[in-house]
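Written out below as structure tokens is the structure these notes cover.
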Amino acid sequence: MDAHDRGSTPRHDDPGTPSDPTSSPEAGTPSDPTPSPEAGAASEPAEPPGSTPAPAPAPARTAIPTPRPTPPDPDPDPNPRTGVAALSLRHQIGVALALALVAIAVCVHIGMVFLHVAPVNTVTRQHGGAVDDWIYPEFEQNWKLFAPNPLQQNVAVQVRARIRGADGGSRTTGWYDLSAQDGRAIDGNPLPSHTQQNELRRSWDLFVATHDANNRPIGLRGSLSEAYLRRIAVLRMGREDALARGDVLVSVQVRSRTSNVPPPKWSDEKVSVQPVFRELSWWPVTADDTEGSVR
């Protein structure tokens with residue numbers, strides 16, 4: 001029997017693994033791969049006294065890759081495009097069309113305004129309706145300020161009404177200054193409506209132009225101007241809460257109050273400041289007037 005044999009079943013160790021009796025599970029001691037501090041201290045050689053310890057090695061630095069410079073353009077454009085020329089062809093065409101439309105609209109507007117303020121000519125005789133449709137009411141031109149004798153009077157339109165109450169009685173309201181109401185609505189308003197600026201004023205100007213000094217109509221437009229002014233008066237009276245529940249508006253009367261603009265303090269001009277009234281007759285209110293006011 002060989003000297004390495006142990007009993008009838010010999011154990012042959014792996015030639016590549018050293019035999020350690022303490023690492024065997026049969027020894028009863030757990031295997032710990034981590035060496036103890038004492039073992040580590042025993043394995044390191046002791047430094048002689050008085051010697052300087054060697055410095056710890058510096059941590060390795062990670063090299064930062066340097067970006068490669070972009071090669072210059074082999075053929076740079078000495079005059080780069082700017083503005084509209086820098087856009088694509090499709091966008092250039094869109095910009096050109098938009099500018100053309102704006103230019104056409106400006107030219108048409110200037111031509112219409114010129115025909116509106118110019119003396120009567122062949123074009124305005126044939127196409128006066130188209131010119132008026134373009135100008136009114138947004139681009140109305142009033143040249144009275146630049147006339148040789150500009151307006152020097154304040155004209156206010158006032159109205160009052162006769163009302164039949166629910167109990168059958170009748171009463172007459174006081175005068176409502178419609179022009180003053182429009183003035184208060186316009187004052188301080190950056191975007192006043194054309195109704196507040198022009199409706200009442202133009203209706204009174206139309207009435208004066210189509211009636212004589214005795215308030216009799218001249219031509220066919222006289223009756224039209226009366227109906228227009230009457231409907232405005234009926235509409236305004238409805239807004240003033242002059243009618244209570246059950247009241248009926250029977251008739252309205254319109255008058256104008258004209259007063260001269262006082263001269264400045266440094267002027268020696270003397271003018272009368274007493275107002276002058278022009279009262280019209282009472283106009284009966286019909287169903288057409290009330291329905292037209294509602295519309």
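Note on naming: chains are A, B, ... as they come in the structure tokens, residues start from 1 per chain, ligands start from 1 in the order shown.
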
TODO: List every residue of stretch 71-203 of chain A that DSSP, applied to the backbone of this structure, assigns to strand (DSSP E or B), and report them as a PyMOL selection string.
DONE: chain A and resi 153-164+170-172+176-177

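Look at A:Ile135: the protein and nucleic acid residues within 10 Å of it, using only C-alpha atoms and passing over chain neighbours fewer than 6 places away, are A:His109, A:Met112, A:Val113, A:His116, A:Gly129, A:Gln141.
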
Output file for the selection above: N, CA and C atoms, as a JSON list (two decimals), in the first residue's frame:
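result-v9.json, written as the output of this step:
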[["chain", "number", "residue", "atom", "x", "y", "z"],
["A", 109, "HIS", "N", -57.74, 102.73, -52.70],
["A", 109, "HIS", "CA", -58.27, 103.61, -51.65],
["A", 109, "HIS", "C", -57.93, 105.07, -51.95],
["A", 112, "MET", "N", -60.20, 106.29, -54.71],
["A", 112, "MET", "CA", -61.57, 106.52, -54.28],
["A", 112, "MET", "C", -61.70, 107.81, -53.46],
["A", 113, "VAL", "N", -60.75, 108.04, -52.57],
["A", 113, "VAL", "CA", -60.79, 109.27, -51.78],
["A", 113, "VAL", "C", -60.63, 110.49, -52.67],
["A", 116, "HIS", "N", -63.82, 111.14, -54.38],
["A", 116, "HIS", "CA", -64.84, 111.61, -53.44],
["A", 116, "HIS", "C", -64.72, 113.11, -53.17],
["A", 129, "GLY", "N", -71.97, 105.89, -57.25],
["A", 129, "GLY", "CA", -72.48, 104.95, -56.25],
["A", 129, "GLY", "C", -71.39, 104.05, -55.69],
["A", 141, "GLN", "N", -64.96, 111.94, -45.48],
["A", 141, "GLN", "CA", -64.09, 113.11, -45.46],
["A", 141, "GLN", "C", -64.93, 114.36, -45.21]]

Task: Gap from atom CA of A:Trp283 to atom CA of A:Tyr228 - Å, one decimal - done: 12.0 Å

- [ ] Write out as a VMD selection string each polymer residue whose atoms come within 9 Å of A:Glu279, counting only C-alpha atoms; drop sequence neighbours fewer than 5 positions from it.
- [x] chain A and resid 253 to 257

Task: Those of stretch 193-293 of chain A in DSSP helix (DSSP H, G or I), formatted as an MDAnalysis selection string - done: chainID A and resid 194:209 221:239 287:293

Filtering to N, CA and C atoms, could you give me those residues as a compact mmCIF listing (two decimals), in the first residue's frame?
# COMPACT_ATOMS: atom_id res chain seq x y z
N HIS A 194 -69.60 104.71 -35.07
CA HIS A 194 -70.09 105.68 -36.06
C HIS A 194 -71.52 106.10 -35.73
N THR A 195 -72.25 105.27 -35.05
CA THR A 195 -73.60 105.67 -34.64
C THR A 195 -73.55 106.86 -33.70
N GLN A 196 -72.64 106.83 -32.75
CA GLN A 196 -72.51 107.94 -31.81
C GLN A 196 -71.95 109.19 -32.48
N GLN A 197 -71.12 109.04 -33.48
CA GLN A 197 -70.50 110.19 -34.12
C GLN A 197 -71.35 110.81 -35.21
N ASN A 198 -72.01 109.99 -36.01
CA ASN A 198 -72.57 110.49 -37.26
C ASN A 198 -74.08 110.34 -37.40
N GLU A 199 -74.70 109.39 -36.71
CA GLU A 199 -76.11 109.10 -37.00
C GLU A 199 -77.00 110.33 -36.78
N LEU A 200 -76.97 110.89 -35.59
CA LEU A 200 -77.84 112.03 -35.29
C LEU A 200 -77.42 113.27 -36.07
N ARG A 201 -76.14 113.53 -36.16
CA ARG A 201 -75.66 114.72 -36.86
C ARG A 201 -76.02 114.69 -38.34
N ARG A 202 -75.80 113.56 -38.97
CA ARG A 202 -76.10 113.47 -40.40
C ARG A 202 -77.60 113.48 -40.66
N SER A 203 -78.38 112.91 -39.78
CA SER A 203 -79.84 112.95 -39.98
C SER A 203 -80.37 114.39 -39.90
N TRP A 204 -79.80 115.18 -38.96
CA TRP A 204 -80.25 116.58 -38.89
C TRP A 204 -79.75 117.39 -40.09
N ASP A 205 -78.51 117.16 -40.53
CA ASP A 205 -78.01 117.84 -41.72
C ASP A 205 -78.85 117.49 -42.94
N LEU A 206 -79.26 116.24 -43.05
CA LEU A 206 -80.12 115.85 -44.18
C LEU A 206 -81.48 116.53 -44.10
N PHE A 207 -82.03 116.64 -42.90
CA PHE A 207 -83.33 117.31 -42.76
C PHE A 207 -83.22 118.79 -43.14
N VAL A 208 -82.21 119.47 -42.69
CA VAL A 208 -82.06 120.90 -43.00
C VAL A 208 -81.83 121.10 -44.49
N ALA A 209 -81.07 120.21 -45.13
CA ALA A 209 -80.78 120.36 -46.55
C ALA A 209 -82.00 120.08 -47.43
N ARG A 221 -86.71 113.63 -51.17
CA ARG A 221 -85.87 113.29 -50.03
C ARG A 221 -86.36 113.96 -48.75
N GLY A 222 -87.24 114.95 -48.85
CA GLY A 222 -87.75 115.60 -47.66
C GLY A 222 -88.54 114.64 -46.77
N SER A 223 -89.43 113.87 -47.38
CA SER A 223 -90.21 112.90 -46.60
C SER A 223 -89.32 111.80 -46.02
N LEU A 224 -88.31 111.39 -46.80
CA LEU A 224 -87.40 110.36 -46.32
C LEU A 224 -86.60 110.86 -45.12
N SER A 225 -86.16 112.12 -45.16
CA SER A 225 -85.40 112.66 -44.03
C SER A 225 -86.28 112.80 -42.78
N GLU A 226 -87.56 113.13 -42.95
CA GLU A 226 -88.47 113.21 -41.80
C GLU A 226 -88.63 111.85 -41.14
N ALA A 227 -88.86 110.82 -41.95
CA ALA A 227 -89.03 109.47 -41.39
C ALA A 227 -87.76 109.00 -40.70
N TYR A 228 -86.62 109.33 -41.27
CA TYR A 228 -85.34 108.91 -40.67
C TYR A 228 -85.13 109.59 -39.33
N LEU A 229 -85.35 110.89 -39.26
CA LEU A 229 -85.15 111.62 -38.01
C LEU A 229 -86.17 111.20 -36.96
N ARG A 230 -87.40 110.93 -37.37
CA ARG A 230 -88.43 110.52 -36.42
C ARG A 230 -88.11 109.15 -35.81
N ARG A 231 -87.61 108.25 -36.60
CA ARG A 231 -87.29 106.93 -36.06
C ARG A 231 -86.10 106.99 -35.10
N ILE A 232 -85.15 107.85 -35.38
CA ILE A 232 -84.04 108.01 -34.43
C ILE A 232 -84.54 108.57 -33.11
N ALA A 233 -85.47 109.55 -33.18
CA ALA A 233 -86.02 110.13 -31.95
C ALA A 233 -86.79 109.08 -31.15
N VAL A 234 -87.59 108.26 -31.83
CA VAL A 234 -88.35 107.22 -31.13
C VAL A 234 -87.40 106.21 -30.49
N LEU A 235 -86.35 105.84 -31.19
CA LEU A 235 -85.39 104.89 -30.64
C LEU A 235 -84.70 105.46 -29.41
N ARG A 236 -84.31 106.73 -29.45
CA ARG A 236 -83.62 107.33 -28.32
C ARG A 236 -84.57 107.48 -27.12
N MET A 237 -85.81 107.79 -27.35
CA MET A 237 -86.75 107.91 -26.23
C MET A 237 -86.97 106.57 -25.54
N GLY A 238 -86.92 105.50 -26.32
CA GLY A 238 -87.03 104.19 -25.70
C GLY A 238 -85.84 103.86 -24.82
N ARG A 239 -84.67 104.41 -25.13
CA ARG A 239 -83.48 104.15 -24.33
C ARG A 239 -83.45 105.00 -23.05
N ALA A 287 -96.83 102.55 -36.05
CA ALA A 287 -96.29 101.21 -35.79
C ALA A 287 -95.00 100.98 -36.57
N ASP A 288 -94.90 101.56 -37.76
CA ASP A 288 -93.66 101.41 -38.55
C ASP A 288 -92.48 102.04 -37.84
N ASP A 289 -92.73 103.15 -37.15
CA ASP A 289 -91.63 103.81 -36.44
C ASP A 289 -91.12 102.95 -35.28
N THR A 290 -92.04 102.38 -34.52
CA THR A 290 -91.62 101.56 -33.39
C THR A 290 -90.98 100.25 -33.86
N GLU A 291 -91.53 99.63 -34.91
CA GLU A 291 -90.93 98.40 -35.43
C GLU A 291 -89.57 98.67 -36.04
N GLY A 292 -89.46 99.80 -36.75
CA GLY A 292 -88.16 100.14 -37.31
C GLY A 292 -87.14 100.45 -36.25
N SER A 293 -87.56 101.02 -35.13
CA SER A 293 -86.62 101.31 -34.04
C SER A 293 -86.13 100.03 -33.39

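Here the question is which of A:Thr124, A:Ser88, A:Tyr176, A:Asn189 gets nearest to A:Ala161 using only C-alpha atoms, and that residue is A:Tyr176.
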
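When only C-alpha atoms are used to compute distances to A:Pro284, the closest of the residues A:Leu115, A:Leu178, A:Val252, A:Leu101 turns out to be A:Val252.
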
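If you count only C-alpha atoms and ignore residues fewer than 2 places along the chain from A:Gly174, what sits within 10 Å of it is Gln158, Val159, Arg160, Ala161, Arg162, Arg171, Thr172, Tyr176, Asp177 and Ala242 of chain A.
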